[in-house]
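Shown below: query-v1.txt, with compact mmCIF, C-alpha atoms and all ligand atoms.
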# COMPACT_ATOMS: atom_id res chain seq x y z
CA MET A 195 102.94 110.51 -45.15
CA THR A 196 104.31 107.11 -46.07
CA SER A 197 102.19 106.92 -49.22
CA SER A 198 104.72 108.18 -51.75
CA SER A 199 102.81 107.39 -54.95
CA LEU A 200 99.98 109.70 -53.81
CA GLY A 201 102.37 112.66 -53.86
CA PRO A 202 101.13 114.25 -57.12
CA LEU A 203 97.51 114.32 -55.89
CA GLU A 204 95.74 117.15 -54.13
CA PRO A 205 96.09 116.24 -50.38
CA GLN A 206 92.39 115.82 -49.56
CA ARG A 207 91.90 113.52 -52.54
CA ALA A 208 95.07 111.60 -51.62
CA ARG A 209 93.79 111.06 -48.07
CA ARG A 210 90.45 109.84 -49.37
CA ILE A 211 92.13 107.30 -51.66
CA TYR A 212 94.52 106.26 -48.89
CA VAL A 213 91.61 105.59 -46.49
CA LEU A 214 89.55 103.64 -49.03
CA VAL A 215 92.48 101.54 -50.25
CA SER A 216 93.66 100.80 -46.70
CA LEU A 217 90.23 99.58 -45.57
CA LEU A 218 89.47 97.64 -48.76
CA ASN A 219 92.92 96.06 -48.61
CA ALA A 220 92.46 95.07 -44.97
CA CYS A 221 89.21 93.34 -45.96
CA ALA A 222 90.75 91.66 -49.02
CA PRO A 223 90.09 88.08 -47.80
CA GLU A 224 86.33 88.82 -47.86
CA LEU A 225 86.27 91.32 -50.72
CA GLY A 226 85.26 88.87 -53.47
CA HIS A 227 82.22 87.73 -51.49
CA PHE A 228 81.41 91.34 -50.53
CA PHE A 229 81.56 92.33 -54.21
CA ASP A 230 79.20 89.49 -55.22
CA LEU A 231 76.57 90.57 -52.67
CA LEU A 232 77.03 94.21 -53.66
CA THR A 233 76.38 93.26 -57.29
CA ALA A 234 73.27 91.37 -56.14
CA ASP A 235 72.21 94.65 -54.48
CA HIS A 236 71.92 93.17 -50.99
CA TRP A 237 70.61 96.01 -48.79
CA ALA A 238 73.05 95.52 -45.88
CA VAL A 239 76.12 95.17 -48.10
CA SER A 240 75.09 98.18 -50.21
CA SER A 241 74.56 100.13 -47.04
CA ALA A 242 78.00 99.10 -45.71
CA TYR A 243 79.61 100.23 -48.95
CA GLU A 244 77.80 103.59 -48.99
CA HIS A 245 78.86 104.12 -45.41
CA LEU A 246 82.50 103.41 -46.29
CA ARG A 247 82.39 105.95 -49.12
CA GLY A 248 80.79 108.58 -46.89
CA SER A 249 83.26 107.97 -44.04
CA ALA A 250 86.24 108.21 -46.39
CA GLN A 251 84.94 111.47 -47.84
CA GLU A 252 84.37 113.01 -44.41
CA ALA A 253 87.69 111.75 -43.06
CA SER A 254 89.59 113.26 -45.98
CA SER A 255 89.28 116.71 -44.39
CA VAL A 256 91.27 115.50 -41.36
CA PRO A 257 94.82 116.87 -41.83
CA THR A 258 96.92 113.68 -41.64
CA VAL A 259 96.44 110.30 -43.32
CA GLU A 260 96.92 108.52 -39.99
CA ASP A 261 94.08 110.44 -38.29
CA ALA A 262 91.88 110.29 -41.38
CA LEU A 263 92.25 106.51 -41.47
CA LEU A 264 91.56 106.19 -37.75
CA LYS A 265 88.35 108.25 -38.03
CA ALA A 266 86.96 106.37 -41.04
CA GLN A 267 88.03 103.02 -39.60
CA THR A 268 86.26 103.60 -36.27
CA GLU A 269 83.04 104.62 -38.00
CA TRP A 270 83.07 101.80 -40.52
CA VAL A 271 83.87 99.08 -37.98
CA GLU A 272 80.88 100.25 -35.88
CA GLU A 273 78.62 100.30 -38.92
CA LEU A 274 79.67 96.81 -40.03
CA HIS A 275 78.99 95.55 -36.49
CA SER A 276 75.58 97.14 -36.38
CA LEU A 277 74.64 95.78 -39.84
CA ALA A 278 75.85 92.30 -38.81
CA ALA A 279 73.48 92.46 -35.83
CA LYS A 280 70.58 93.40 -38.12
CA THR A 281 71.19 90.49 -40.49
CA THR A 282 71.28 87.57 -38.05
CA ARG A 283 68.44 85.92 -40.01
CA GLU A 284 70.86 85.68 -42.91
CA PRO A 285 73.82 83.97 -41.21
CA GLU A 286 76.00 84.12 -44.34
CA VAL A 287 75.65 87.91 -44.64
CA SER A 288 75.99 88.47 -40.92
CA ARG A 289 79.17 86.38 -40.81
CA LEU A 290 80.63 88.30 -43.76
CA LEU A 291 79.97 91.71 -42.17
CA LEU A 292 81.34 90.58 -38.83
CA ALA A 293 84.48 89.14 -40.46
CA MET A 294 84.97 92.42 -42.34
CA SER A 295 84.55 94.48 -39.18
CA GLU A 296 87.26 92.39 -37.51
CA LEU A 297 89.58 92.76 -40.48
CA ALA A 298 88.91 96.50 -40.77
CA ALA A 299 89.57 96.93 -37.04
CA GLN A 300 93.10 95.60 -37.53
CA THR A 301 94.03 98.23 -40.15
CA ARG A 302 97.02 100.36 -39.16
CA PRO A 303 98.59 103.28 -41.05
CA THR A 304 101.42 101.63 -42.91
CA THR A 305 102.95 101.62 -46.36
CA PHE A 306 100.29 102.49 -48.93
CA ALA A 307 98.86 99.14 -50.03
CA LEU A 308 99.04 100.05 -53.74
CA ASP A 309 102.77 100.82 -53.42
CA ASP A 310 103.31 97.34 -51.98
CA LEU A 311 101.22 95.79 -54.75
CA PHE A 312 103.13 97.73 -57.42
CA ASP A 313 106.52 96.78 -55.93
CA SER A 314 105.65 93.07 -55.93
CA LEU A 315 104.36 93.12 -59.51
CA ALA A 316 107.30 95.22 -60.72
CA GLU A 317 109.70 92.70 -59.18
CA TYR A 318 108.00 89.82 -61.03
CA ALA A 319 108.04 91.77 -64.31
CA GLY A 320 111.68 92.75 -63.78
CA ASP A 321 112.57 89.06 -63.66
CA LEU A 322 111.12 88.60 -67.16
CA TYR A 323 113.00 91.42 -68.88
CA PRO A 324 116.80 91.53 -69.21
CA HIS A 325 116.86 95.37 -69.38
CA TRP A 326 114.52 96.60 -66.69
CA PRO A 327 114.50 100.35 -65.92
CA PRO A 328 116.43 100.84 -62.66
CA GLN A 329 114.46 103.98 -61.78
CA LEU A 330 110.92 102.76 -62.32
CA ALA A 331 108.46 105.02 -60.49
CA PHE A 332 104.79 104.67 -59.60
CA ALA A 333 102.30 107.53 -59.23
CA VAL A 334 98.57 107.71 -58.54
CA ARG A 335 96.58 110.49 -60.20
CA GLN A 336 92.96 111.56 -60.56
CA TYR A 337 90.92 109.57 -63.08
CA GLY A 338 88.89 111.80 -65.36
CA GLY A 339 86.26 109.40 -66.73
CA ARG A 340 82.87 108.97 -65.11
CA GLY A 341 80.01 106.51 -65.22
CA ARG A 342 82.09 103.35 -65.48
CA ARG A 343 81.98 100.35 -63.23
CA TYR A 344 85.77 100.36 -62.98
CA GLY A 345 86.77 103.96 -62.27
CA ALA A 346 90.45 103.46 -63.02
CA SER A 347 92.96 103.25 -65.85
CA ALA A 348 96.74 103.26 -66.20
CA ALA A 349 99.49 104.50 -68.51
CA THR A 350 103.28 104.39 -68.69
CA MET A 351 105.33 107.54 -69.24
CA HIS A 352 109.00 107.60 -70.32
CA ASN A 353 110.30 110.97 -69.36
CA PRO A 354 113.11 109.83 -69.62
CA ASP A 355 112.80 107.40 -66.66
CA ALA A 356 109.73 105.19 -66.74
CA THR A 357 106.75 105.99 -64.51
CA VAL A 358 103.63 103.85 -64.30
CA VAL A 359 100.67 106.12 -63.58
CA LEU A 360 97.49 104.70 -62.11
CA TYR A 361 94.42 106.91 -62.56
CA VAL A 362 91.82 106.40 -59.84
CA ASP A 363 88.55 108.13 -59.11
CA PRO A 364 88.01 108.29 -55.33
CA VAL A 365 84.24 108.64 -55.88
CA SER A 366 83.92 105.21 -57.51
CA LEU A 367 86.79 103.47 -55.72
CA GLY A 368 85.09 100.36 -54.36
CA PRO A 369 85.71 96.61 -54.37
CA ALA A 370 85.43 96.26 -58.17
CA THR A 371 87.93 99.04 -58.86
CA TYR A 372 90.30 97.86 -56.16
CA LEU A 373 90.27 94.30 -57.51
CA SER A 374 90.82 95.51 -61.09
CA ILE A 375 94.01 97.42 -60.23
CA PRO A 376 96.37 94.39 -60.33
CA HIS A 377 95.32 93.79 -63.96
CA LEU A 378 95.91 97.41 -64.98
CA LEU A 379 99.38 97.35 -63.40
CA ILE A 380 100.28 93.95 -64.89
CA HIS A 381 99.32 95.23 -68.36
CA GLU A 382 101.52 98.33 -68.00
CA LEU A 383 104.46 96.42 -66.52
CA ILE A 384 104.53 93.67 -69.14
CA CYS A 385 103.38 95.55 -72.24
CA HIS A 386 104.88 99.02 -71.85
CA VAL A 387 107.60 99.55 -69.23
CA ALA A 388 110.43 97.71 -71.01
CA SER A 389 109.06 97.68 -74.57
CA ARG A 390 111.23 98.94 -77.44
CA PRO A 391 111.30 101.39 -79.09
CA CYS A 392 111.17 103.10 -75.71
CA GLY A 393 108.19 105.28 -74.88
CA ILE A 394 106.02 104.49 -77.90
CA CYS A 395 102.36 104.68 -77.02
CA ALA A 396 100.05 103.32 -79.71
CA ASN A 397 96.55 102.43 -78.62
CA ALA A 398 95.77 100.92 -82.01
CA SER A 399 98.78 98.57 -82.07
CA ALA A 400 97.81 94.91 -82.42
CA TRP A 401 101.23 94.03 -81.03
CA LEU A 402 101.36 96.26 -77.94
CA GLU A 403 97.68 96.21 -77.00
CA GLY A 404 96.67 92.78 -78.28
CA PHE A 405 99.43 90.20 -78.56
CA MET A 406 101.31 91.65 -75.58
CA ASP A 407 98.12 92.01 -73.55
CA TRP A 408 97.52 88.30 -74.10
CA ALA A 409 101.08 87.63 -72.84
CA ALA A 410 100.42 89.90 -69.85
CA GLU A 411 97.39 87.81 -68.95
CA CYS A 412 99.41 84.56 -69.25
CA HIS A 413 102.18 85.77 -66.95
CA GLY A 414 99.86 87.82 -64.74
CA THR A 415 97.57 84.88 -63.98
CA ARG A 416 100.55 83.14 -62.40
CA TRP A 417 101.50 86.25 -60.46
CA LEU A 418 98.00 86.63 -59.03
CA HIS A 419 98.56 83.37 -57.14
CA ARG A 420 101.65 84.90 -55.55
CA LEU A 421 99.83 88.03 -54.40
CA GLY A 422 98.07 86.37 -51.47
CA VAL A 423 94.46 87.13 -50.69
CA ILE A 424 93.86 89.81 -53.33
CA GLY A 425 94.79 87.38 -56.14
CA PRO A 426 91.83 84.96 -56.16
CA ALA A 427 89.26 87.76 -55.74
CA ALA A 428 90.92 89.83 -58.47
CA SER A 429 90.96 87.07 -61.09
CA GLN A 430 87.27 87.44 -62.02
CA HIS A 431 87.70 91.15 -62.86
CA ARG A 432 90.15 90.98 -65.76
CA GLY A 433 87.62 90.09 -68.46
CA PRO A 434 84.95 92.65 -67.48
CA LEU A 435 87.58 95.38 -66.96
CA PHE A 436 89.09 95.08 -70.44
CA GLU A 437 85.65 94.66 -72.02
CA GLU A 438 84.67 97.96 -70.44
CA ILE A 439 87.85 99.65 -71.71
CA ALA A 440 87.21 98.27 -75.22
CA ALA A 441 83.59 99.47 -75.16
CA HIS A 442 84.75 103.04 -74.44
CA ASP A 443 87.70 103.02 -76.83
CA ARG A 444 86.63 101.51 -80.12
CA ASP A 445 89.92 102.41 -81.88
CA GLN A 446 91.62 100.02 -79.51
CA ALA A 447 89.06 97.21 -79.51
CA ALA A 448 89.67 95.71 -82.96
CA PRO A 449 93.51 95.54 -82.91
CA ARG A 450 93.42 94.39 -79.30
CA SER A 451 91.20 91.40 -80.04
CA PHE A 452 93.02 90.64 -83.32
CA GLY A 453 96.40 90.58 -81.52
CA ARG A 454 95.02 88.36 -78.77
CA ARG A 455 93.48 85.95 -81.30
CA THR A 456 96.80 85.77 -83.18
CA ALA A 457 98.68 84.77 -80.01
CA GLU A 458 96.02 82.17 -79.25
CA MET A 459 96.25 80.88 -82.81
CA LEU A 460 100.02 80.34 -82.39
CA VAL A 461 99.28 78.32 -79.26
CA GLN A 462 96.82 76.13 -81.16
CA ARG A 463 99.24 75.58 -84.06
CA LEU A 464 102.07 74.61 -81.68
CA ARG A 465 99.74 72.09 -80.04
CA LYS A 466 98.25 70.69 -83.19
CA HIS A 467 101.34 70.41 -85.38
CA HIS A 468 104.43 70.57 -83.16
CA GLY A 469 103.74 68.28 -80.21
CA PHE A 470 103.30 70.93 -77.50
CA GLU A 471 101.08 70.47 -74.44
CA HIS A 472 98.61 73.35 -73.99
CA GLU A 473 100.33 75.06 -71.03
CA ALA A 474 103.81 74.63 -72.55
CA ALA A 475 102.56 76.19 -75.80
CA ARG A 476 101.03 79.14 -73.91
CA MET A 477 104.20 79.83 -71.96
CA THR A 478 106.35 79.44 -75.10
CA VAL A 479 104.30 82.11 -76.88
CA ALA A 480 104.14 84.34 -73.77
CA ASN A 481 107.93 84.18 -73.26
CA PHE A 482 108.55 84.82 -76.95
CA ALA A 483 106.27 87.88 -76.72
CA VAL A 484 108.35 89.35 -73.90
CA ARG A 485 111.61 88.75 -75.83
CA LEU A 486 110.27 90.35 -79.01
CA ASN A 487 108.76 93.25 -77.05
CA ALA A 488 112.23 94.03 -75.67
CA GLU A 489 113.90 93.97 -79.10
CA GLU A 490 114.90 97.30 -80.58
CA ALA A 491 112.81 97.08 -83.76
CA PRO A 492 110.16 99.43 -85.18
CA LEU A 493 106.69 98.88 -83.74
CA ILE A 494 105.30 98.73 -87.28
CA ALA A 495 107.45 95.63 -87.94
CA LYS A 496 106.02 93.94 -84.83
CA ASP A 497 102.48 94.86 -85.92
CA ARG A 498 103.20 93.43 -89.38
CA PHE A 499 104.33 90.18 -87.77
CA VAL A 500 100.94 89.96 -85.98
CA ASN A 501 99.14 90.60 -89.28
CA ARG A 502 101.18 88.00 -91.14
CA VAL A 503 100.50 85.27 -88.57
CA GLY A 504 96.93 86.38 -87.82
CA PHE A 505 95.88 86.26 -91.47
CA GLY A 506 97.92 83.12 -92.13
CA SER A 507 96.81 79.51 -92.38
CA ALA A 508 96.05 77.20 -89.45
CA GLY A 509 98.63 74.66 -90.70
CA PRO A 510 102.13 73.79 -89.42
CA LEU A 511 104.39 76.76 -88.63
CA PRO A 512 107.62 77.37 -90.60
CA ASP A 513 110.71 75.85 -88.86
CA LYS A 514 112.23 79.34 -88.57
CA LEU A 515 109.20 80.62 -86.64
CA VAL A 516 109.10 77.59 -84.32
CA ALA A 517 112.81 78.13 -83.54
CA ALA A 518 112.16 81.83 -82.81
CA LEU A 519 109.21 80.92 -80.55
CA ARG A 520 111.37 78.45 -78.64
CA GLY A 521 114.37 80.79 -78.65
CA VAL A 522 116.56 77.93 -79.83
CA ASP A 523 116.97 75.89 -83.03
CA ASP A 524 117.35 72.10 -83.50
CA GLU A 525 121.13 72.38 -83.10
CA GLY A 526 120.74 74.17 -79.78
CA ASN A 527 121.74 77.61 -81.13
CA THR A 528 120.03 80.67 -79.62
CA VAL A 529 117.50 82.26 -82.01
CA ALA A 530 116.54 85.90 -81.46
CA ALA A 531 112.80 86.65 -81.34
CA GLY A 532 113.44 89.49 -83.79
CA SER A 533 114.37 86.98 -86.52
CA VAL A 534 110.64 86.72 -87.27
CA LEU A 535 110.46 90.39 -88.35
ZN ZN A 601 98.46 99.33 -73.15
Before we go any further, please render this structure as C-alpha cells.
Amino acid sequence: MTSSSLGPLEPQRARRIYVLVSLLNACAPELGHFFDLLTADHWAVSSAYEHLRGSAQEASSVPTVEDALLKAQTEWVEELHSLAAKTTREPEVSRLLLAMSELAAQTRPTTFALDDLFDSLAEYAGDLYPHWPPQLAFAVRQYGGRGRRYGASAATMHNPDATVVLYVDPVSLGPATYLSIPHLLIHELICHVASRPCGICANASAWLEGFMDWAAECHGTRWLHRLGVIGPAASQHRGPLFEEIAAHDRDQAAPRSFGRRTAEMLVQRLRKHHGFEHEAARMTVANFAVRLNAEEAPLIAKDRFVNRVGFGSAGPLPDKLVAALRGVDDEGNTVAAGSVL
C-alpha cells in the first residue's frame, strides 16, 4: 500500500477513504460544479454521489487498495455514463457527468492524493518558518463527530516529533469534505506545527486560533493558487468550514473572531496612518504573525498582545510596533517580532 498516512486506520476503513479520495481527486477539475449541483439537490448528481459512496463501501472489503479502487472506479464510471445519457435534455448536467466519467476512468493507484497535498502544503509552510521540524509526519484517522456538513477536522501532536493528524469520516467524505481539507491542513501547518512554546494546544487562544488563523488564511489563499485544480474549487469552502467548527465549539468561537478582527484592525491602521497599500499591509501583518508565532515566548504574552491591540484605539500605531511589524526600524536595523510582548 503506497498510502502511508492511512497506516493507523483499520484496513477496511483505510481502503474506503483511499477509494473515495482517489476518485474525488481525479474529478477535481469538475468538483466545484459537481458540489454546486449536489447542494441544489439535482437528482442525477445526488444519485451519482450516492452511487460513489455505495461503491466505495462495497469495494472496501476487497483485500488490496489497488483492486478496491479498480472495482469502485469501474462501477462509478459506468454509473456516470448512464446518468449522462439520462440527462441529455440538460446539456450542462450531461456534460458534467460525462467529463467526470472520463476523469474517473483515468484514475490509477498511485501515491495517496492527500499525502501529495500535505507534502506540497508542508513545503510552502516550511519556507515561511526558519525552524521547521525535519521529521514532520502526516496521519489520517477516524473522525468521531457526526451530523456535520464537513466530516473532518485536524490537530497537531508533538510527541516529540510533530505529526499533523487529519480526522476524516469515510461515511460523509464527499466533495465538500474533500475541498475543505486544504484549509484544515493549512491551519495546522501555519498555526501549530512550528509555533513556540512547542506543543501547546489552546483552543481558546486568541493568538493561536484567531490572529494566526487569519495569517493562515492570508498565506493559504496564495498557496491555493499553486495547488492546481483543487485550489479554485476549495476556496469557497474556508468560510463555511470554520463557521461550522465555531458553531460546534463555542469556547473557541469568541477568541477566534477577536484574534482575527485584531489582525484585520492592524491592517486597517497600517493603511490609514502609515501609507501602506492594502495587500502590502496584509502581508506585513501575516509575515509578522509567523515570526512572532515562532518566537520562544509564553502563549499568554502573545494573547495579551492581541488583547492590547484589539482593545486599543483605531489611531496611528506606536513607532515601536510599526518597526516590529515590518521587522526593521527606520535605520535599517532588524527588529524582533517579540519586541511587542
Ligand atoms: Zn488550531
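Using only C-alpha atoms and all ligand atoms, we find that the residues with an atom at most 7 Å from any atom of ligand ZN 601 (chain A) are His381, Glu382, Cys385, His386, Asn397, Leu402 and Glu403 of chain A.
Atom pair CA of Leu379 (chain A) / CA of Glu438 (chain A): separated by 16.3 Å.
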*Calculate how many Å separate CA of Gly469 (chain A) from CA of Asn487 (chain A), rounding to one decimal.*
25.7 Å
*Would you kindly return, as JSON, numbers by chain, each protein, DNA or RNA residue with an atom no farther than 12 Å from any atom of Val256 (chain A), considering all atoms listed in the file and excluding same-chain residues fewer than 2 positions away?*
{"A": [205, 206, 207, 208, 209, 210, 213, 249, 250, 251, 252, 253, 254, 258, 259, 260, 261, 262, 263, 264, 265, 266]}
*For Pro449 (chain A), work out the shell of residues within 10 Å, counting all atoms listed in the file and skipping chain neighbours fewer than 4 positions away, then give it as a PyMOL selection string.*
chain A and resi 397-405+444-445+453-455+497+500-501
Residues just named, written with C-alpha atoms as an mmCIF file, in the frame of the given file:
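Done, and the output landed in selection.cif:
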data_model
loop_
_atom_site.group_PDB
_atom_site.id
_atom_site.type_symbol
_atom_site.label_atom_id
_atom_site.label_comp_id
_atom_site.auth_asym_id
_atom_site.auth_seq_id
_atom_site.Cartn_x
_atom_site.Cartn_y
_atom_site.Cartn_z
ATOM 1 C CA ASN A 397 96.550 102.430 -78.620
ATOM 2 C CA ALA A 398 95.770 100.920 -82.010
ATOM 3 C CA SER A 399 98.780 98.570 -82.070
ATOM 4 C CA ALA A 400 97.810 94.910 -82.420
ATOM 5 C CA TRP A 401 101.230 94.030 -81.030
ATOM 6 C CA LEU A 402 101.360 96.260 -77.940
ATOM 7 C CA GLU A 403 97.680 96.210 -77.000
ATOM 8 C CA GLY A 404 96.670 92.780 -78.280
ATOM 9 C CA PHE A 405 99.430 90.200 -78.560
ATOM 10 C CA ARG A 444 86.630 101.510 -80.120
ATOM 11 C CA ASP A 445 89.920 102.410 -81.880
ATOM 12 C CA GLY A 453 96.400 90.580 -81.520
ATOM 13 C CA ARG A 454 95.020 88.360 -78.770
ATOM 14 C CA ARG A 455 93.480 85.950 -81.300
ATOM 15 C CA ASP A 497 102.480 94.860 -85.920
ATOM 16 C CA VAL A 500 100.940 89.960 -85.980
ATOM 17 C CA ASN A 501 99.140 90.600 -89.280
#
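Using all atoms listed in the file, the smallest distance between any of A:Thr305, A:Ser374, A:Gln300, A:Ser199 and Ala427 (chain A) comes from A:Ser374.
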Counting all atoms listed in the file, what is within 10 Å of Gly368 (chain A), bar same-chain residues fewer than 2 positions away, as a short mmCIF file (atom, residue, chain, number, x, y, z; two decimals) with C-alpha atoms, keeping the file's coordinate frame?
data_model
loop_
_atom_site.label_atom_id
_atom_site.label_comp_id
_atom_site.auth_asym_id
_atom_site.auth_seq_id
_atom_site.Cartn_x
_atom_site.Cartn_y
_atom_site.Cartn_z
CA LEU A 214 89.55 103.64 -49.03
CA VAL A 215 92.48 101.54 -50.25
CA LEU A 218 89.47 97.64 -48.76
CA LEU A 225 86.27 91.32 -50.72
CA PHE A 229 81.56 92.33 -54.21
CA TYR A 243 79.61 100.23 -48.95
CA GLU A 244 77.80 103.59 -48.99
CA LEU A 246 82.50 103.41 -46.29
CA ARG A 247 82.39 105.95 -49.12
CA ARG A 343 81.98 100.35 -63.23
CA TYR A 344 85.77 100.36 -62.98
CA GLY A 345 86.77 103.96 -62.27
CA ASP A 363 88.55 108.13 -59.11
CA PRO A 364 88.01 108.29 -55.33
CA VAL A 365 84.24 108.64 -55.88
CA SER A 366 83.92 105.21 -57.51
CA ALA A 370 85.43 96.26 -58.17
CA THR A 371 87.93 99.04 -58.86
CA TYR A 372 90.30 97.86 -56.16
CA LEU A 373 90.27 94.30 -57.51
#
*Please identify all polymer residues within 12 Å of region 511-521 of chain A, counting only C-alpha atoms, omitting same-chain residues fewer than 5 positions from it, and present them as an NGL selection string.*
:A and (457 or 459-470 or 474-486 or 499 or 502-503 or 506 or 526-535)
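Straight-line separation from CA of Gly201 (chain A) to CA of Arg335 (chain A): 8.9 Å.
Among the candidate residues A:Asp407, A:Asp235, A:Ile424, A:Val362, the one lying nearest to Arg340 (chain A) is A:Val362, with distances computed using all atoms listed in the file.
Using all atoms listed in the file for every distance, the candidate list A:Met294, A:Phe452, A:Val287, A:Glu204 yields A:Val287 as the residue closest to Asp230 (chain A).
Distances to Arg302 (chain A) were evaluated for A:Ala278, A:Thr268, A:Gly226, A:Ile494 using only C-alpha atoms, and the minimum falls at A:Thr268.
Restricting the calculation to all atoms listed in the file, the smallest distance between Val423 (chain A) and any of A:Glu224, A:Leu315, A:Thr350, A:Gln446 is found for A:Glu224.
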*asked:* My list of candidates is A:Glu471, A:Glu489, A:Asp524, A:Ala299. Which is closest to Tyr323 (chain A) when distances are computed with all atoms listed in the file?
replied: A:Glu489
*Identify, on the basis of all atoms listed in the file, every residue whose closest approach to Pro202 (chain A) does not exceed 12 Å; exclude the query and any residue fewer than 6 positions from it along the same chain; express the result as JSON, numbers by chain.*
{"A": [208, 332, 333, 334, 335, 336, 359, 360, 361]}
